[in-house]
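Q: Next up, model19.cif (mmCIF, C-alpha atoms).
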```
data_protein
loop_
_atom_site.group_PDB
_atom_site.id
_atom_site.type_symbol
_atom_site.label_atom_id
_atom_site.label_comp_id
_atom_site.auth_asym_id
_atom_site.auth_seq_id
_atom_site.Cartn_x
_atom_site.Cartn_y
_atom_site.Cartn_z
ATOM 1 C CA MET A 201 -31.251 16.874 23.554
ATOM 2 C CA ARG A 202 -28.394 18.194 21.414
ATOM 3 C CA TYR A 203 -24.711 17.691 22.058
ATOM 4 C CA ASP A 204 -21.908 19.834 20.710
ATOM 5 C CA LEU A 205 -19.699 17.812 18.335
ATOM 6 C CA ASP A 206 -16.495 19.171 19.858
ATOM 7 C CA ASP A 207 -17.729 18.117 23.302
ATOM 8 C CA LEU A 208 -18.352 14.612 21.959
ATOM 9 C CA ARG A 209 -14.859 14.515 20.430
ATOM 10 C CA LEU A 210 -13.394 15.630 23.742
ATOM 11 C CA PHE A 211 -15.352 12.998 25.675
ATOM 12 C CA LEU A 212 -14.223 10.239 23.293
ATOM 13 C CA GLY A 213 -10.627 11.388 23.651
ATOM 14 C CA ILE A 214 -10.892 11.250 27.433
ATOM 15 C CA VAL A 215 -12.438 7.768 27.367
ATOM 16 C CA THR A 216 -9.803 6.535 24.921
ATOM 17 C CA GLU A 217 -6.880 7.967 26.892
ATOM 18 C CA GLY A 218 -8.346 7.210 30.331
ATOM 19 C CA SER A 219 -7.399 10.694 31.431
ATOM 20 C CA ILE A 220 -8.986 14.140 31.255
ATOM 21 C CA THR A 221 -5.519 15.673 30.925
ATOM 22 C CA ALA A 222 -4.607 13.495 27.947
ATOM 23 C CA GLY A 223 -8.017 14.032 26.352
ATOM 24 C CA ALA A 224 -7.607 17.791 26.713
ATOM 25 C CA ARG A 225 -4.187 17.592 25.095
ATOM 26 C CA ARG A 226 -5.657 15.768 22.079
ATOM 27 C CA MET A 227 -8.180 18.593 21.638
ATOM 28 C CA HIS A 228 -5.595 21.328 22.342
ATOM 29 C CA LEU A 229 -7.535 22.502 25.401
ATOM 30 C CA SER A 230 -6.405 23.484 28.861
ATOM 31 C CA LEU A 231 -7.241 21.092 31.686
ATOM 32 C CA PRO A 232 -9.675 23.538 33.403
ATOM 33 C CA SER A 233 -11.498 24.124 30.109
ATOM 34 C CA ALA A 234 -11.777 20.387 29.398
ATOM 35 C CA SER A 235 -13.001 19.671 32.935
ATOM 36 C CA ALA A 236 -15.639 22.382 32.635
ATOM 37 C CA ARG A 237 -16.897 20.955 29.339
ATOM 38 C CA VAL A 238 -17.152 17.477 30.828
ATOM 39 C CA ARG A 239 -19.161 18.825 33.774
ATOM 40 C CA SER A 240 -21.425 20.616 31.292
ATOM 41 C CA LEU A 241 -21.944 17.338 29.429
ATOM 42 C CA GLU A 242 -22.874 15.573 32.669
ATOM 43 C CA GLN A 243 -25.307 18.343 33.590
ATOM 44 C CA GLN A 244 -26.860 18.129 30.144
ATOM 45 C CA ALA A 245 -27.160 14.332 30.395
ATOM 46 C CA GLY A 246 -28.424 14.513 33.978
ATOM 47 C CA VAL A 247 -26.153 11.655 35.048
ATOM 48 C CA ALA A 248 -22.483 11.055 35.861
ATOM 49 C CA LEU A 249 -20.491 10.028 32.797
ATOM 50 C CA LEU A 250 -17.044 9.435 34.322
ATOM 51 C CA ILE A 251 -15.706 7.741 37.431
ATOM 52 C CA ARG A 252 -12.751 9.792 38.602
ATOM 53 C CA GLY A 253 -9.839 8.154 40.412
ATOM 54 C CA ARG A 254 -6.259 8.860 41.330
ATOM 55 C CA ARG A 255 -4.985 6.971 38.274
ATOM 56 C CA GLY A 256 -7.349 8.501 35.763
ATOM 57 C CA VAL A 257 -10.964 8.159 34.747
ATOM 58 C CA ARG A 258 -13.216 5.474 33.326
ATOM 59 C CA PRO A 259 -16.727 5.758 31.921
ATOM 60 C CA THR A 260 -19.831 4.935 33.888
ATOM 61 C CA PRO A 261 -22.415 2.718 32.152
ATOM 62 C CA ALA A 262 -24.081 5.906 30.926
ATOM 63 C CA GLY A 263 -20.700 7.209 29.762
ATOM 64 C CA THR A 264 -20.041 3.978 27.850
ATOM 65 C CA THR A 265 -23.390 4.350 26.094
ATOM 66 C CA LEU A 266 -22.676 7.996 25.254
ATOM 67 C CA ALA A 267 -19.239 7.088 23.887
ATOM 68 C CA ARG A 268 -20.690 4.389 21.645
ATOM 69 C CA HIS A 269 -23.331 6.698 20.197
ATOM 70 C CA ALA A 270 -20.826 9.557 19.920
ATOM 71 C CA ARG A 271 -18.621 7.406 17.679
ATOM 72 C CA GLU A 272 -21.603 6.690 15.434
ATOM 73 C CA VAL A 273 -22.612 10.350 15.293
ATOM 74 C CA LEU A 274 -19.087 11.536 14.466
ATOM 75 C CA ALA A 275 -18.635 8.843 11.824
ATOM 76 C CA GLN A 276 -21.923 9.862 10.199
ATOM 77 C CA THR A 277 -20.816 13.486 10.306
ATOM 78 C CA VAL A 278 -17.588 12.645 8.470
ATOM 79 C CA ARG A 279 -19.518 10.715 5.813
ATOM 80 C CA LEU A 280 -21.952 13.606 5.406
ATOM 81 C CA GLU A 281 -19.161 16.165 5.027
ATOM 82 C CA SER A 282 -17.358 13.938 2.540
ATOM 83 C CA ALA A 283 -20.496 13.433 0.459
ATOM 84 C CA VAL A 284 -21.199 17.168 0.270
ATOM 85 C CA ALA A 285 -17.537 18.012 -0.401
ATOM 86 C CA SER A 286 -17.491 15.646 -3.381
ATOM 87 C CA TYR A 287 -19.740 18.111 -5.241
ATOM 88 C CA THR A 288 -17.217 20.924 -4.791
ATOM 89 C CA ARG A 289 -14.321 19.044 -6.364
ATOM 90 C CA SER A 290 -12.844 19.989 -9.677
ATOM 91 C CA PRO A 291 -14.496 18.168 -12.583
ATOM 92 C CA THR A 292 -11.061 17.033 -13.788
ATOM 93 C CA ALA A 293 -11.269 13.457 -15.009
ATOM 94 C CA PRO A 294 -9.327 10.975 -12.868
ATOM 95 C CA VAL A 295 -6.036 9.606 -14.171
ATOM 96 C CA THR A 296 -6.037 5.830 -14.637
ATOM 97 C CA LEU A 297 -2.790 4.021 -13.801
ATOM 98 C CA LEU A 298 -2.189 0.302 -14.329
ATOM 99 C CA GLY A 299 0.664 -1.801 -12.967
ATOM 100 C CA GLY A 300 1.812 -5.270 -12.042
ATOM 101 C CA GLY A 301 2.165 -6.628 -8.522
ATOM 102 C CA SER A 302 5.666 -5.384 -7.718
ATOM 103 C CA ALA A 303 5.012 -1.895 -9.096
ATOM 104 C CA VAL A 304 1.740 -1.510 -7.200
ATOM 105 C CA HIS A 305 3.409 -2.800 -4.040
ATOM 106 C CA ARG A 306 6.079 -0.130 -3.612
ATOM 107 C CA LEU A 307 6.753 2.178 -6.555
ATOM 108 C CA VAL A 308 3.185 3.339 -7.174
ATOM 109 C CA PRO A 309 2.384 4.179 -3.517
ATOM 110 C CA ARG A 310 5.503 6.357 -3.290
ATOM 111 C CA ALA A 311 4.574 8.253 -6.433
ATOM 112 C CA LEU A 312 0.937 8.616 -5.375
ATOM 113 C CA VAL A 313 1.815 10.249 -2.061
ATOM 114 C CA SER A 314 3.761 13.071 -3.682
ATOM 115 C CA PHE A 315 1.399 13.427 -6.666
ATOM 116 C CA LEU A 316 -1.862 13.547 -4.700
ATOM 117 C CA LEU A 317 -0.456 16.044 -2.214
ATOM 118 C CA ALA A 318 0.705 18.252 -5.088
ATOM 119 C CA HIS A 319 -2.597 17.903 -6.992
ATOM 120 C CA PRO A 320 -5.519 18.003 -4.533
ATOM 121 C CA ASP A 321 -8.018 18.436 -7.365
ATOM 122 C CA VAL A 322 -6.938 15.357 -9.338
ATOM 123 C CA ASP A 323 -7.976 11.809 -8.462
ATOM 124 C CA VAL A 324 -6.106 8.675 -9.525
ATOM 125 C CA ARG A 325 -7.537 5.231 -10.184
ATOM 126 C CA VAL A 326 -5.025 2.385 -9.769
ATOM 127 C CA PHE A 327 -5.573 -1.180 -10.959
ATOM 128 C CA GLU A 328 -3.283 -4.205 -10.768
ATOM 129 C CA ASN A 329 -3.055 -6.242 -13.963
ATOM 130 C CA ARG A 330 -0.611 -8.393 -15.901
ATOM 131 C CA THR A 331 1.402 -6.744 -18.682
ATOM 132 C CA PRO A 332 -0.586 -8.228 -21.629
ATOM 133 C CA GLN A 333 -3.839 -6.856 -20.212
ATOM 134 C CA ILE A 334 -2.230 -3.490 -19.411
ATOM 135 C CA VAL A 335 -0.959 -3.204 -22.994
ATOM 136 C CA ARG A 336 -4.415 -3.975 -24.384
ATOM 137 C CA MET A 337 -6.142 -1.438 -22.118
ATOM 138 C CA LEU A 338 -3.618 1.273 -22.967
ATOM 139 C CA ALA A 339 -3.983 0.570 -26.683
ATOM 140 C CA ASP A 340 -7.780 0.751 -26.359
ATOM 141 C CA GLY A 341 -7.601 4.098 -24.568
ATOM 142 C CA GLU A 342 -8.954 2.639 -21.309
ATOM 143 C CA ALA A 343 -6.025 3.911 -19.216
ATOM 144 C CA ASP A 344 -3.582 6.806 -19.225
ATOM 145 C CA LEU A 345 -0.389 5.201 -17.940
ATOM 146 C CA GLY A 346 0.859 1.692 -17.314
ATOM 147 C CA ILE A 347 3.916 0.100 -15.740
ATOM 148 C CA VAL A 348 4.784 -2.975 -17.811
ATOM 149 C CA LEU A 349 7.539 -5.589 -18.041
ATOM 150 C CA ASP A 350 9.936 -5.248 -20.946
ATOM 151 C CA ASP A 351 9.843 -8.863 -22.134
ATOM 152 C CA GLU A 352 6.041 -8.893 -22.459
ATOM 153 C CA ALA A 353 5.617 -5.441 -23.991
ATOM 154 C CA ARG A 354 8.057 -5.578 -26.899
ATOM 155 C CA GLY A 355 6.573 -4.637 -30.239
ATOM 156 C CA CYS A 356 3.233 -3.510 -28.811
ATOM 157 C CA GLY A 357 3.371 -0.153 -30.581
ATOM 158 C CA LEU A 358 2.929 1.959 -27.454
ATOM 159 C CA VAL A 359 5.154 4.855 -26.444
ATOM 160 C CA MET A 360 7.363 3.525 -23.645
ATOM 161 C CA GLU A 361 10.364 4.596 -21.615
ATOM 162 C CA PRO A 362 12.636 2.793 -19.105
ATOM 163 C CA LEU A 363 11.508 3.083 -15.498
ATOM 164 C CA GLY A 364 13.822 0.843 -13.505
ATOM 165 C CA ASP A 365 15.067 -2.643 -12.660
ATOM 166 C CA ASP A 366 12.552 -5.235 -11.460
ATOM 167 C CA SER A 367 14.754 -8.335 -11.344
ATOM 168 C CA LEU A 368 13.861 -11.263 -9.113
ATOM 169 C CA VAL A 369 15.839 -12.508 -6.132
ATOM 170 C CA VAL A 370 15.522 -15.279 -3.567
ATOM 171 C CA VAL A 371 15.122 -14.178 0.048
ATOM 172 C CA GLY A 372 15.284 -16.108 3.293
ATOM 173 C CA GLN A 373 15.881 -15.767 7.012
ATOM 174 C CA ALA A 374 19.110 -13.979 7.904
ATOM 175 C CA GLY A 375 21.746 -16.579 8.752
ATOM 176 C CA GLY A 376 19.559 -19.364 7.354
ATOM 177 C CA ILE A 377 20.036 -21.718 4.427
ATOM 178 C CA LEU A 378 21.056 -18.868 2.114
ATOM 179 C CA ALA A 379 23.912 -17.759 4.386
ATOM 180 C CA GLY A 380 27.140 -17.450 2.428
ATOM 181 C CA ARG A 381 25.376 -17.652 -0.931
ATOM 182 C CA THR A 382 25.239 -14.765 -3.374
ATOM 183 C CA SER A 383 23.238 -16.416 -6.137
ATOM 184 C CA LEU A 384 21.389 -19.607 -7.043
ATOM 185 C CA THR A 385 19.121 -20.979 -9.734
ATOM 186 C CA TYR A 386 15.383 -21.485 -9.574
ATOM 187 C CA SER A 387 15.951 -25.265 -9.490
ATOM 188 C CA GLU A 388 18.193 -24.908 -6.444
ATOM 189 C CA ALA A 389 15.654 -22.698 -4.690
ATOM 190 C CA ALA A 390 12.892 -25.198 -5.464
ATOM 191 C CA GLU A 391 14.791 -27.881 -3.539
ATOM 192 C CA HIS A 392 13.738 -26.068 -0.357
ATOM 193 C CA PRO A 393 10.244 -25.305 0.992
ATOM 194 C CA LEU A 394 8.963 -22.027 -0.386
ATOM 195 C CA VAL A 395 6.353 -19.457 0.505
ATOM 196 C CA GLY A 396 4.607 -17.914 -2.471
ATOM 197 C CA LEU A 397 1.871 -15.694 -3.774
ATOM 198 C CA ASP A 398 -1.635 -16.928 -4.477
ATOM 199 C CA ALA A 399 -2.122 -18.837 -7.725
ATOM 200 C CA ASP A 400 -3.856 -15.936 -9.495
ATOM 201 C CA ALA A 401 -1.235 -13.313 -8.525
ATOM 202 C CA SER A 402 0.365 -11.660 -11.550
ATOM 203 C CA LEU A 403 3.939 -12.316 -10.345
ATOM 204 C CA ARG A 404 3.367 -16.013 -9.667
ATOM 205 C CA ARG A 405 1.718 -16.506 -13.056
ATOM 206 C CA TRP A 406 4.644 -14.712 -14.701
ATOM 207 C CA ILE A 407 7.180 -16.992 -12.979
ATOM 208 C CA GLU A 408 5.266 -20.174 -13.816
ATOM 209 C CA ARG A 409 5.031 -19.144 -17.466
ATOM 210 C CA HIS A 410 8.804 -18.652 -17.666
ATOM 211 C CA VAL A 411 9.944 -21.770 -15.788
ATOM 212 C CA GLY A 412 7.755 -23.890 -18.091
ATOM 213 C CA PRO A 413 6.005 -27.221 -17.621
ATOM 214 C CA HIS A 414 9.191 -29.161 -16.840
ATOM 215 C CA ALA A 415 10.205 -27.048 -13.845
ATOM 216 C CA PRO A 416 10.823 -28.775 -10.488
ATOM 217 C CA VAL A 417 7.755 -29.393 -8.387
ATOM 218 C CA VAL A 418 7.611 -26.727 -5.675
ATOM 219 C CA ARG A 419 6.444 -27.317 -2.128
ATOM 220 C CA TYR A 420 4.661 -24.190 -0.976
ATOM 221 C CA ARG A 421 4.307 -24.101 2.779
ATOM 222 C CA THR A 422 1.668 -21.425 2.315
ATOM 223 C CA THR A 423 0.541 -18.871 -0.237
ATOM 224 C CA VAL A 424 -0.553 -15.294 0.466
ATOM 225 C CA ALA A 425 -1.953 -12.353 -1.465
ATOM 226 C CA ASP A 426 0.452 -9.635 -0.306
ATOM 227 C CA LEU A 427 4.175 -9.183 -0.993
ATOM 228 C CA ASN A 428 4.724 -7.613 2.430
ATOM 229 C CA VAL A 429 3.382 -10.742 4.111
ATOM 230 C CA LEU A 430 5.426 -12.944 1.775
ATOM 231 C CA VAL A 431 8.702 -11.213 2.650
ATOM 232 C CA ALA A 432 7.817 -11.274 6.367
ATOM 233 C CA LEU A 433 7.233 -15.044 6.222
ATOM 234 C CA ALA A 434 10.578 -15.561 4.505
ATOM 235 C CA ALA A 435 12.326 -13.343 7.064
ATOM 236 C CA ALA A 436 10.800 -15.435 9.868
ATOM 237 C CA GLY A 437 12.262 -18.635 8.394
ATOM 238 C CA VAL A 438 9.025 -20.216 7.191
ATOM 239 C CA GLY A 439 10.458 -20.776 3.713
ATOM 240 C CA LEU A 440 12.340 -19.135 0.879
ATOM 241 C CA ALA A 441 10.542 -16.639 -1.341
ATOM 242 C CA ILE A 442 11.121 -15.362 -4.871
ATOM 243 C CA VAL A 443 10.304 -11.660 -5.094
ATOM 244 C CA PRO A 444 11.304 -8.564 -7.062
ATOM 245 C CA ARG A 445 14.318 -7.013 -5.408
ATOM 246 C CA ARG A 446 12.785 -3.549 -5.459
ATOM 247 C CA VAL A 447 10.053 -4.596 -2.979
ATOM 248 C CA ILE A 448 12.572 -5.404 -0.234
ATOM 249 C CA ASP A 449 13.122 -2.868 2.511
ATOM 250 C CA PRO A 450 16.937 -2.441 2.699
ATOM 251 C CA SER A 451 16.729 -2.241 6.497
ATOM 252 C CA GLN A 452 14.953 -5.598 6.778
ATOM 253 C CA PRO A 453 17.162 -8.442 8.120
ATOM 254 C CA LEU A 454 17.186 -10.892 5.221
ATOM 255 C CA ASP A 455 19.595 -12.989 3.232
ATOM 256 C CA VAL A 456 19.193 -12.029 -0.426
ATOM 257 C CA CYS A 457 20.533 -14.057 -3.364
ATOM 258 C CA GLU A 458 20.406 -13.192 -7.031
ATOM 259 C CA LEU A 459 18.318 -15.561 -9.126
ATOM 260 C CA GLN A 460 20.678 -16.760 -11.877
ATOM 261 C CA ASP A 461 18.071 -17.752 -14.463
ATOM 262 C CA SER A 462 18.092 -15.380 -17.431
ATOM 263 C CA TRP A 463 14.329 -14.798 -17.237
ATOM 264 C CA ALA A 464 14.770 -13.343 -13.742
ATOM 265 C CA ARG A 465 16.270 -10.169 -15.256
ATOM 266 C CA ARG A 466 13.265 -7.928 -15.641
ATOM 267 C CA HIS A 467 12.846 -4.208 -16.254
ATOM 268 C CA HIS A 468 9.894 -1.921 -15.760
ATOM 269 C CA LEU A 469 8.802 0.359 -18.576
ATOM 270 C CA LEU A 470 6.449 3.311 -18.312
ATOM 271 C CA ALA A 471 3.894 2.986 -21.106
ATOM 272 C CA TRP A 472 1.549 5.701 -22.300
ATOM 273 C CA GLY A 473 -2.034 5.180 -23.369
ATOM 274 C CA THR A 474 -3.230 6.045 -26.846
ATOM 275 C CA THR A 475 -5.317 9.210 -26.901
ATOM 276 C CA THR A 476 -6.735 11.465 -29.603
ATOM 277 C CA GLY A 477 -4.579 14.344 -28.401
ATOM 278 C CA PRO A 478 -1.552 15.039 -26.201
ATOM 279 C CA PRO A 479 -1.563 13.631 -22.647
ATOM 280 C CA SER A 480 -3.250 15.789 -20.041
ATOM 281 C CA PRO A 481 -1.058 17.881 -17.721
ATOM 282 C CA ALA A 482 -2.172 15.627 -14.840
ATOM 283 C CA THR A 483 -1.017 12.506 -16.720
ATOM 284 C CA GLU A 484 2.345 14.086 -17.527
ATOM 285 C CA SER A 485 2.766 15.139 -13.902
ATOM 286 C CA LEU A 486 1.952 11.646 -12.602
ATOM 287 C CA ALA A 487 4.525 10.212 -15.017
ATOM 288 C CA GLU A 488 7.148 12.574 -13.607
ATOM 289 C CA HIS A 489 6.287 11.548 -10.048
ATOM 290 C CA LEU A 490 6.679 7.887 -11.063
ATOM 291 C CA ARG A 491 10.114 8.650 -12.527
ATOM 292 C CA LYS A 492 11.191 10.440 -9.349
ATOM 293 C CA ALA A 493 9.874 7.630 -7.142
ATOM 294 C CA SER A 494 11.813 5.086 -9.189
ATOM 295 C CA ASN A 495 15.018 7.142 -9.109
ATOM 296 C CA ALA A 496 14.687 7.586 -5.346
ATOM 297 C CA GLU A 497 14.807 3.845 -4.701
ATOM 298 C CA PRO A 498 18.089 2.506 -3.272
ATOM 299 C CA ARG A 499 20.523 1.629 -6.024
ATOM 300 C CA ARG A 500 21.483 -2.052 -6.247
ATOM 301 C CA ALA A 501 24.728 -3.525 -7.441
ATOM 302 C CA PRO A 502 24.437 -4.692 -11.062
ATOM 303 C CA LEU A 503 23.374 -8.286 -11.549
ATOM 304 C CA PRO A 504 26.028 -10.751 -12.731
ATOM 305 C CA PRO A 505 25.782 -11.638 -16.437
ATOM 306 C CA SER A 506 23.506 -14.575 -17.198
#
```
What is this structure when it is put down as structure tokens?
A:
Amino acid sequence: MRYDLDDLRLFLGIVTEGSITAGARRMHLSLPSASARVRSLEQQAGVALLIRGRRGVRPTPAGTTLARHAREVLAQTVRLESAVASYTRSPTAPVTLLGGGSAVHRLVPRALVSFLLAHPDVDVRVFENRTPQIVRMLADGEADLGIVLDDEARGCGLVMEPLGDDSLVVVGQAGGILAGRTSLTYSEAAEHPLVGLDADASLRRWIERHVGPHAPVVRYRTTVADLNVLVALAAAGVGLAIVPRRVIDPSQPLDVCELQDSWARRHHLLAWGTTTGPPSPATESLAEHLRKASNAEPRRAPLPPS
């Protein structure tokens, strides 16, 4: 017994929406056409697939079984089409982009959206690393572009250009313990419970290296792997968090204080990998999309002098 794939998609839409009308709308079909196709499915199956009521429809046991297998069939079809399509892609080598945690969190995704839409035949590989490792990989020709921190990339011999501010701030619940404050030191922040990134996160390791062994002992209420989760925990009042300012959504209700310590002033640089010839057009285009994504970020007031 063979089922038409469009009929299976229609049936799944109806089951998901609980309505033939809504399922037809998802498939851009008229209601009479969708109803006729469902009746044809039931005739083909030899059993009722839907229980029709005044408030919509729900699947019969046979309909539930068909829906489950239809999902598997459609998923396998997508995988098959993707596997075959991979052989029709341009043989252009993928562009390799490296970046630290804050860059990969917000800047890189913005640039990737515009770049990948503009270049459907070019793939991009993105890896998160700390600046020293990024510099080494770029110097060894293992990557095309990298987003590095200025203080860790000085004197590395790579071609670099400014890409934007990446200074650190302290964030907390709106109207909470930061209310009325515009700035504070790391030591002051450490007097309060914090939420932080996991111990192996590039940003946390960078902070710990700069505060040194004699820094105040921090009480972390919890640690997480994702900056989005970290900011959400701080916004909920779980604890203060130290994050790059550029990762904060300006519309998010937060109290934000500048971190006064001089090491908190950071800047991103766009670094180019060493190659035997000029960068590829795809690499140059990705660099331009990174510049535009950085320039499109909301402008912040300048930090007070350290």
Q: Can you tell me which residues surround Val295 (chain A) at a distance of at most 8 Å, considering all atoms listed in the file, apart from same-chain residues fewer than 3 positions away, and format the answer as a ChimeraX atom specification?
A: /A:322-325,343-344,482-483
Q: Looking at A:Gly253, A:Gly380, A:Gly300, A:Pro261, which one is nearest to Arg404 (chain A), with distances taken over all atoms listed in the file?
A: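 Of all the options, A:Gly300 lies closest to Arg404 (chain A).
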Q: Between A:Arg419, A:His269, A:Arg258, A:Arg330, which is the closest to Leu403 (chain A) once you count all atoms listed in the file?
A: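 Nearest to Leu403 (chain A): A:Arg330.
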Q: Starting from 3 Å padding per side, set up an axis-aligned box that covers all listed atoms of region 468-483 of chain A and hand over centre and edge lengths in Å, one decimal, as AutoDock Vina command-line options.
A:
```
--center_x 1.6 --center_y 8.0 --center_z -22.2 --size_x 22.6 --size_y 25.8 --size_z 20.8
```
Q: Grab the CA of Leu459 (chain A) to CA of Asp398 (chain A) distance for me, in Å with one decimal place.
A: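 That distance, rounded to one decimal, is 20.5 Å.
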Q: Work out how far CA of Thr265 (chain A) is from CA of Arg225 (chain A), in Å to one decimal.
A: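 Between CA of Arg225 (chain A) and CA of Thr265 (chain A) the gap is 23.3 Å.
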Q: May I have the residues within 7 Å of region 204-220 of chain A as a list in words, using all atoms listed in the file and disregarding those fewer than 5 positions away in the same chain?
A: Arg226, Met227, Arg237, Gly256, Val257, Arg258, Pro259, Ala267 and Ala270 of chain A
Q: Measuring atom to atom with all atoms listed in the file, identify which of A:Gly341, A:Ala374, A:Pro416, A:Ile407 is nearest to Leu358 (chain A).
A: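 That would be A:Gly341, the residue with the smallest distance to Leu358 (chain A).
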Q: Which residue, A:Val429, A:Ala434, A:Leu280, A:Ile334, has the smallest gap to Pro393 (chain A) when you use only C-alpha atoms?
A: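 Going through A:Val429, A:Ala434, A:Leu280, A:Ile334 one by one, the smallest distance to Pro393 (chain A) is for A:Ala434.
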Q: Residues picked by the PyMOL selection byres ((chain A and resi 484) around 12) here, as a VMD selection string?
A: chain A and resid 295 297 315 344 to 345 470 to 473 478 to 483 485 to 491
Q: Write the selection just made, keeping C-alpha atoms, as a short mmCIF file (atom, residue, chain, number, x, y, z; two decimals), keeping the file's coordinate frame?
A:
```cif
data_model
loop_
_atom_site.label_atom_id
_atom_site.label_comp_id
_atom_site.auth_asym_id
_atom_site.auth_seq_id
_atom_site.Cartn_x
_atom_site.Cartn_y
_atom_site.Cartn_z
CA VAL A 295 -6.04 9.61 -14.17
CA LEU A 297 -2.79 4.02 -13.80
CA PHE A 315 1.40 13.43 -6.67
CA ASP A 344 -3.58 6.81 -19.23
CA LEU A 345 -0.39 5.20 -17.94
CA LEU A 470 6.45 3.31 -18.31
CA ALA A 471 3.89 2.99 -21.11
CA TRP A 472 1.55 5.70 -22.30
CA GLY A 473 -2.03 5.18 -23.37
CA PRO A 478 -1.55 15.04 -26.20
CA PRO A 479 -1.56 13.63 -22.65
CA SER A 480 -3.25 15.79 -20.04
CA PRO A 481 -1.06 17.88 -17.72
CA ALA A 482 -2.17 15.63 -14.84
CA THR A 483 -1.02 12.51 -16.72
CA SER A 485 2.77 15.14 -13.90
CA LEU A 486 1.95 11.65 -12.60
CA ALA A 487 4.53 10.21 -15.02
CA GLU A 488 7.15 12.57 -13.61
CA HIS A 489 6.29 11.55 -10.05
CA LEU A 490 6.68 7.89 -11.06
CA ARG A 491 10.11 8.65 -12.53
#
```
Q: In Å, with one decimal, what is the gap from CA of Glu361 (chain A) to CA of Val335 (chain A)?
A: 13.8 Å
Q: Please determine, counting only C-alpha atoms, which residue among A:Cys457, A:Ala283, A:Ile251, A:Val447 has the shortest atom-to-atom distance to Arg310 (chain A).
A: A:Val447
Q: Identify the residues around (22.3, -21.9, -9.3) within a radius of 12 Å, measuring from all atoms listed in the file in the coordinates stated by the file, and give them as a list of chain:residue names.
A: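 The answer, in the requested form, is A:Val369, A:Val370, A:Leu378, A:Arg381, A:Thr382, A:Ser383, A:Leu384, A:Thr385, A:Tyr386, A:Ser387, A:Glu388, A:Ala389, A:Ala390, A:Glu391, A:Cys457, A:Glu458, A:Leu459, A:Gln460, A:Asp461, A:Ser462, A:Ser506.
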Q: Could you list the residues chosen by the PyMOL selection byres ((chain A and resi 307) around 9) in this structure as JSON, numbers by chain?
A: {"A": [302, 303, 304, 305, 306, 308, 309, 310, 311, 312, 446, 447, 490, 493, 494, 497]}
Q: Name the residues that the PyMOL selection byres ((chain A and resi 373) around 10) pulls out of this structure, and write them as a PyMOL selection string.
A: chain A and resi 371-372+374-379+431-441+453-456
Q: Mind filling out region 223-232 of chain A with N, CA, C and O atoms and sending it as an mmCIF file, in the frame of the given file?
A:
```cif
data_model
loop_
_atom_site.group_PDB
_atom_site.id
_atom_site.type_symbol
_atom_site.label_atom_id
_atom_site.label_comp_id
_atom_site.auth_asym_id
_atom_site.auth_seq_id
_atom_site.Cartn_x
_atom_site.Cartn_y
_atom_site.Cartn_z
ATOM 1 N N GLY A 223 -6.946 13.693 27.281
ATOM 2 C CA GLY A 223 -8.017 14.032 26.352
ATOM 3 C C GLY A 223 -7.992 15.506 25.997
ATOM 4 O O GLY A 223 -8.230 15.883 24.841
ATOM 5 N N ALA A 224 -7.711 16.365 26.986
ATOM 6 C CA ALA A 224 -7.607 17.791 26.713
ATOM 7 C C ALA A 224 -6.454 18.085 25.775
ATOM 8 O O ALA A 224 -6.558 18.928 24.871
ATOM 9 N N ARG A 225 -5.349 17.377 25.951
ATOM 10 C CA ARG A 225 -4.187 17.592 25.095
ATOM 11 C C ARG A 225 -4.517 17.240 23.643
ATOM 12 O O ARG A 225 -4.105 17.934 22.717
ATOM 13 N N ARG A 226 -5.277 16.163 23.438
ATOM 14 C CA ARG A 226 -5.657 15.768 22.079
ATOM 15 C C ARG A 226 -6.502 16.843 21.408
ATOM 16 O O ARG A 226 -6.458 17.012 20.187
ATOM 17 N N MET A 227 -7.298 17.561 22.194
ATOM 18 C CA MET A 227 -8.180 18.593 21.638
ATOM 19 C C MET A 227 -7.568 19.976 21.731
ATOM 20 O O MET A 227 -8.218 20.981 21.412
ATOM 21 N N HIS A 228 -6.308 20.047 22.204
ATOM 22 C CA HIS A 228 -5.595 21.328 22.342
ATOM 23 C C HIS A 228 -6.367 22.270 23.279
ATOM 24 O O HIS A 228 -6.528 23.464 23.008
ATOM 25 N N LEU A 229 -6.826 21.714 24.393
ATOM 26 C CA LEU A 229 -7.535 22.502 25.401
ATOM 27 C C LEU A 229 -6.752 22.486 26.701
ATOM 28 O O LEU A 229 -5.969 21.563 26.969
ATOM 29 N N SER A 230 -6.990 23.503 27.532
ATOM 30 C CA SER A 230 -6.405 23.484 28.861
ATOM 31 C C SER A 230 -7.186 22.505 29.725
ATOM 32 O O SER A 230 -8.351 22.179 29.434
ATOM 33 N N LEU A 231 -6.564 22.035 30.790
ATOM 34 C CA LEU A 231 -7.241 21.092 31.686
ATOM 35 C C LEU A 231 -8.491 21.712 32.323
ATOM 36 O O LEU A 231 -9.556 21.059 32.353
ATOM 37 N N PRO A 232 -8.451 22.956 32.831
ATOM 38 C CA PRO A 232 -9.675 23.538 33.403
ATOM 39 C C PRO A 232 -10.803 23.628 32.379
ATOM 40 O O PRO A 232 -11.960 23.369 32.696
#
```
